[in-house]
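Visitor: I have a structure I would like to understand better, so I am pasting it below and will then ask my questions one at a time.
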Amino acid sequence: MSWLNSVRNVLPFVAKRETPENLWHKCKGCGQMIFTKELEDNLYVCPKCDHHDRIGPKIRFAQLFDEGSCSELPAPKVPEDPLKFRDQKRYTDRLKAARTDSSEQDALINARGAIDGHRVVVGVQDFGFMGGSMGLAVGEAFVRGVEAAIEDRVPYVIFTASGGARMQEGILSLMQMPRSTVAIQMLHDAGLPYIVVLTDPTSGGVMAAYAMLGDVQIAEPKATLAFTGRRVIESTIREKLPEDFQTSEYYLEHGMIDMVVHRKDLREQLGTVIGYLSAREAA
């Protein structure tokens with residue numbers, strides 16, 4: 001018998017310890033490994049480099065709303081595959097997979113609630129659902145959110161996170177841009193505030209539509225905000241763009257948004273803005 005086999009027979013067998021797969025999180029900003037629990041406690045902001053991780057509607061609502069005040073609006077029913085679209089997969093199969101992964105019907109969820117005592121309707125886009133892309137369901141959810149705000153006589157706050165229009169719905173997706181613009185005008189006609197919070201990333205048709213029409217434009221730090229890609233612009237104008245181009249800080253410096261707010265301060269800042277605008281509307 002070899003020495004290795006004899007050692008194997010002598011040493012006791014030690015079972016491999018099972019480690020949860022989600023115990024650690026690798027930060028996309030600095031590449032450091034962070035305890036998931038530490039990241040959650042820090043509002044999904046990296047404690048080392050301050051990178052704001054992408055979060056979905058459920059987590060966003062929990063961070064924003066006063067305890068016990070959140071009530072989600074039902075998801076609207078729309079035609080699911082109006083163009084019978086198929087590329088590498090059928091569109092219906094992509095929708096089923098996205099719904100299984102996210103446990104949501106589509107990429108925009110609305111909820112009623114209160115922020116720092118102020119009643120409000122909040123919509124949150126989920127980038128995890130097909131890149132937060134804007135189709136019939138997202139457009140209809142946006143309109144329903146505005147209608148709920150008008151019904152309640154409260155502001156409508158939208159958190160944008162999107163890669164743009166949903167190509168599987170073609171022109172029907174692009175039609176949601178003017179629909180959302182009309183809905184915002186309805187809100188203005190009712191004398192109610194419309195507040196936009198731009199999160200990473202917001203781009204394409206969403207950026208060209210309701211994402212840039214807020215009465216107050218807020219953004220999270222270092223969010224990518226763009227209509228089209230950096231390389232496309234550089235190849236078109238044949239110039240090198242600044243390193244911070246298409247970021248929250250660049251937009252703020254050039255007067256395109258009103259403020260950049262850290263996630264830990266966002267709830268308080270929204271409460272202040274909503275309180276001020278609501279007081280003006282009441283007066």
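Letters for chains follow the order of the structure tokens (A, B, ...), residue numbers begin at 1 for each chain, and ligand numbers begin at 1 in the order shown.
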Can you write out as a Markdown table which residues of range 62-139 of chain A fall within 8 Å of range 164-167 of chain A, alongside each residue's closest atom pair and its distance in Å to one decimal, counting only C-alpha atoms and ordering rows by chain and ascending residue number?
Guide:
| residue | atom | partner | partner_atom | distance |
| --- | --- | --- | --- | --- |
| A:Gly132 | CA | A:Gly164 | CA | 7.5 |
| A:Ser133 | CA | A:Arg166 | CA | 4.9 |
| A:Met134 | CA | A:Ala165 | CA | 4.6 |
| A:Gly135 | CA | A:Arg166 | CA | 5.3 |
Visitor: Any chance you could list, as a list in words, the residues in range 179-232 of chain A that come up helix (DSSP H, G or I) when DSSP is run on the backbone?
Guide: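 Here is the list: Arg179, Ser180, Thr181, Val182, Ala183, Ile184, Gln185, Met186, Leu187, His188, Asp189, Gly204, Gly205, Val206, Met207, Ala208, Tyr210, Ala211, Met212, Arg230, Arg231 and Val232 of chain A.
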Visitor: Quick one: residues within 7 Å of Ser71 in chain A, only C-alpha atoms counted, chain neighbours fewer than 2 positions away excluded, as an MDAnalysis selection string?
Guide: chainID A and resid 69 73 111:113
Visitor: Can you check which residues of range 83-226 of chain A DSSP gives as strand (DSSP E) on the backbone and send them as JSON, numbers by chain?
Guide: {"A": [108, 109, 110, 111, 112, 113, 114, 115, 118, 119, 120, 121, 122, 123, 124, 125, 156, 157, 158, 159, 160, 161, 162, 194, 195, 196, 197, 198, 199, 200, 201, 202, 216, 217, 218, 219]}
Visitor: Excluding Gly275 in chain A and its own-chain neighbours fewer than 3 positions away, which residues fall within 9 Å of it when counting only C-alpha atoms? Please give them as a PDB file with all heavy atoms, in the first residue's frame.
Guide:
ATOM      1  N   ASP A 116     -42.211  60.036   4.381  1.00  0.00           N
ATOM      2  CA  ASP A 116     -42.052  61.044   5.439  1.00  0.00           C
ATOM      3  C   ASP A 116     -43.389  61.731   5.734  1.00  0.00           C
ATOM      4  O   ASP A 116     -43.455  62.943   5.942  1.00  0.00           O
ATOM      5  CB  ASP A 116     -40.999  62.067   5.025  1.00  0.00           C
ATOM      6  CG  ASP A 116     -40.422  62.824   6.222  1.00  0.00           C
ATOM      7  OD1 ASP A 116     -40.582  62.338   7.354  1.00  0.00           O
ATOM      8  OD2 ASP A 116     -39.826  63.899   6.021  1.00  0.00           O
ATOM      9  N   GLY A 117     -44.476  60.931   5.701  1.00  0.00           N
ATOM     10  CA  GLY A 117     -45.798  61.448   6.020  1.00  0.00           C
ATOM     11  C   GLY A 117     -46.559  62.039   4.855  1.00  0.00           C
ATOM     12  O   GLY A 117     -47.733  62.383   4.998  1.00  0.00           O
ATOM     13  N   HIS A 118     -45.925  62.160   3.690  1.00  0.00           N
ATOM     14  CA  HIS A 118     -46.570  62.742   2.505  1.00  0.00           C
ATOM     15  C   HIS A 118     -47.071  61.628   1.583  1.00  0.00           C
ATOM     16  O   HIS A 118     -46.291  60.786   1.145  1.00  0.00           O
ATOM     17  CB  HIS A 118     -45.592  63.641   1.737  1.00  0.00           C
ATOM     18  CG  HIS A 118     -45.003  64.735   2.558  1.00  0.00           C
ATOM     19  ND1 HIS A 118     -45.737  65.834   2.975  1.00  0.00           N
ATOM     20  CD2 HIS A 118     -43.750  64.920   3.042  1.00  0.00           C
ATOM     21  CE1 HIS A 118     -44.968  66.643   3.670  1.00  0.00           C
ATOM     22  NE2 HIS A 118     -43.753  66.107   3.732  1.00  0.00           N
ATOM     23  N   LEU A 270     -36.569  63.352  -0.955  1.00  0.00           N
ATOM     24  CA  LEU A 270     -37.871  63.248  -1.623  1.00  0.00           C
ATOM     25  C   LEU A 270     -38.983  63.787  -0.731  1.00  0.00           C
ATOM     26  O   LEU A 270     -39.891  64.481  -1.200  1.00  0.00           O
ATOM     27  CB  LEU A 270     -38.163  61.796  -2.006  1.00  0.00           C
ATOM     28  CG  LEU A 270     -37.577  61.295  -3.326  1.00  0.00           C
ATOM     29  CD1 LEU A 270     -37.822  59.796  -3.480  1.00  0.00           C
ATOM     30  CD2 LEU A 270     -38.157  62.052  -4.507  1.00  0.00           C
ATOM     31  N   GLY A 271     -38.917  63.452   0.555  1.00  0.00           N
ATOM     32  CA  GLY A 271     -39.915  63.969   1.490  1.00  0.00           C
ATOM     33  C   GLY A 271     -39.930  65.489   1.523  1.00  0.00           C
ATOM     34  O   GLY A 271     -41.000  66.114   1.529  1.00  0.00           O
ATOM     35  N   THR A 272     -38.729  66.110   1.486  1.00  0.00           N
ATOM     36  CA  THR A 272     -38.624  67.565   1.481  1.00  0.00           C
ATOM     37  C   THR A 272     -39.215  68.154   0.199  1.00  0.00           C
ATOM     38  O   THR A 272     -39.989  69.122   0.235  1.00  0.00           O
ATOM     39  CB  THR A 272     -37.145  67.996   1.619  1.00  0.00           C
ATOM     40  OG1 THR A 272     -36.627  67.489   2.846  1.00  0.00           O
ATOM     41  CG2 THR A 272     -37.015  69.506   1.600  1.00  0.00           C
ATOM     42  N   SER A 278     -46.143  69.992  -2.682  1.00  0.00           N
ATOM     43  CA  SER A 278     -47.528  69.767  -2.270  1.00  0.00           C
ATOM     44  C   SER A 278     -48.102  70.990  -1.560  1.00  0.00           C
ATOM     45  O   SER A 278     -49.261  71.328  -1.717  1.00  0.00           O
ATOM     46  CB  SER A 278     -47.616  68.536  -1.354  1.00  0.00           C
ATOM     47  OG  SER A 278     -47.209  67.370  -2.043  1.00  0.00           O
ATOM     48  N   ALA A 279     -47.246  71.675  -0.768  1.00  0.00           N
ATOM     49  CA  ALA A 279     -47.692  72.886  -0.075  1.00  0.00           C
ATOM     50  C   ALA A 279     -48.017  73.982  -1.080  1.00  0.00           C
ATOM     51  O   ALA A 279     -49.006  74.707  -0.931  1.00  0.00           O
ATOM     52  CB  ALA A 279     -46.608  73.350   0.900  1.00  0.00           C
ATOM     53  N   ARG A 280     -47.221  74.069  -2.138  1.00  0.00           N
ATOM     54  CA  ARG A 280     -47.482  75.069  -3.171  1.00  0.00           C
ATOM     55  C   ARG A 280     -48.795  74.766  -3.900  1.00  0.00           C
ATOM     56  O   ARG A 280     -49.587  75.653  -4.202  1.00  0.00           O
ATOM     57  CB  ARG A 280     -46.331  75.087  -4.187  1.00  0.00           C
ATOM     58  CG  ARG A 280     -45.072  75.725  -3.673  1.00  0.00           C
ATOM     59  CD  ARG A 280     -44.082  75.972  -4.794  1.00  0.00           C
ATOM     60  NE  ARG A 280     -44.656  76.873  -5.788  1.00  0.00           N
ATOM     61  CZ  ARG A 280     -44.075  77.139  -6.945  1.00  0.00           C
ATOM     62  NH1 ARG A 280     -42.933  76.562  -7.261  1.00  0.00           N
ATOM     63  NH2 ARG A 280     -44.628  77.983  -7.801  1.00  0.00           N
TER      64      ARG A 280
END
Visitor: Go through A:Gly163, A:Leu187, A:Met177, A:Val261 and flag the residue nearest Leu225 in chain A, using only C-alpha atoms for the distances.
Guide: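 Looking at the shortest contact to Leu225 in chain A, the residue is A:Gly163.
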Visitor: Rank nothing, just name the residue among A:Val206, A:Tyr194, A:Ala137, A:Ile55 nearest to Val122 in chain A, using only C-alpha atoms.
Guide: A:Tyr194
Visitor: Between CA of Asp244 in chain A and CA of Lys264 in chain A, what distance in Å does the model show, to one decimal?
Guide: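 Between CA of Asp244 in chain A and CA of Lys264 in chain A the gap works out to 22.8 Å.
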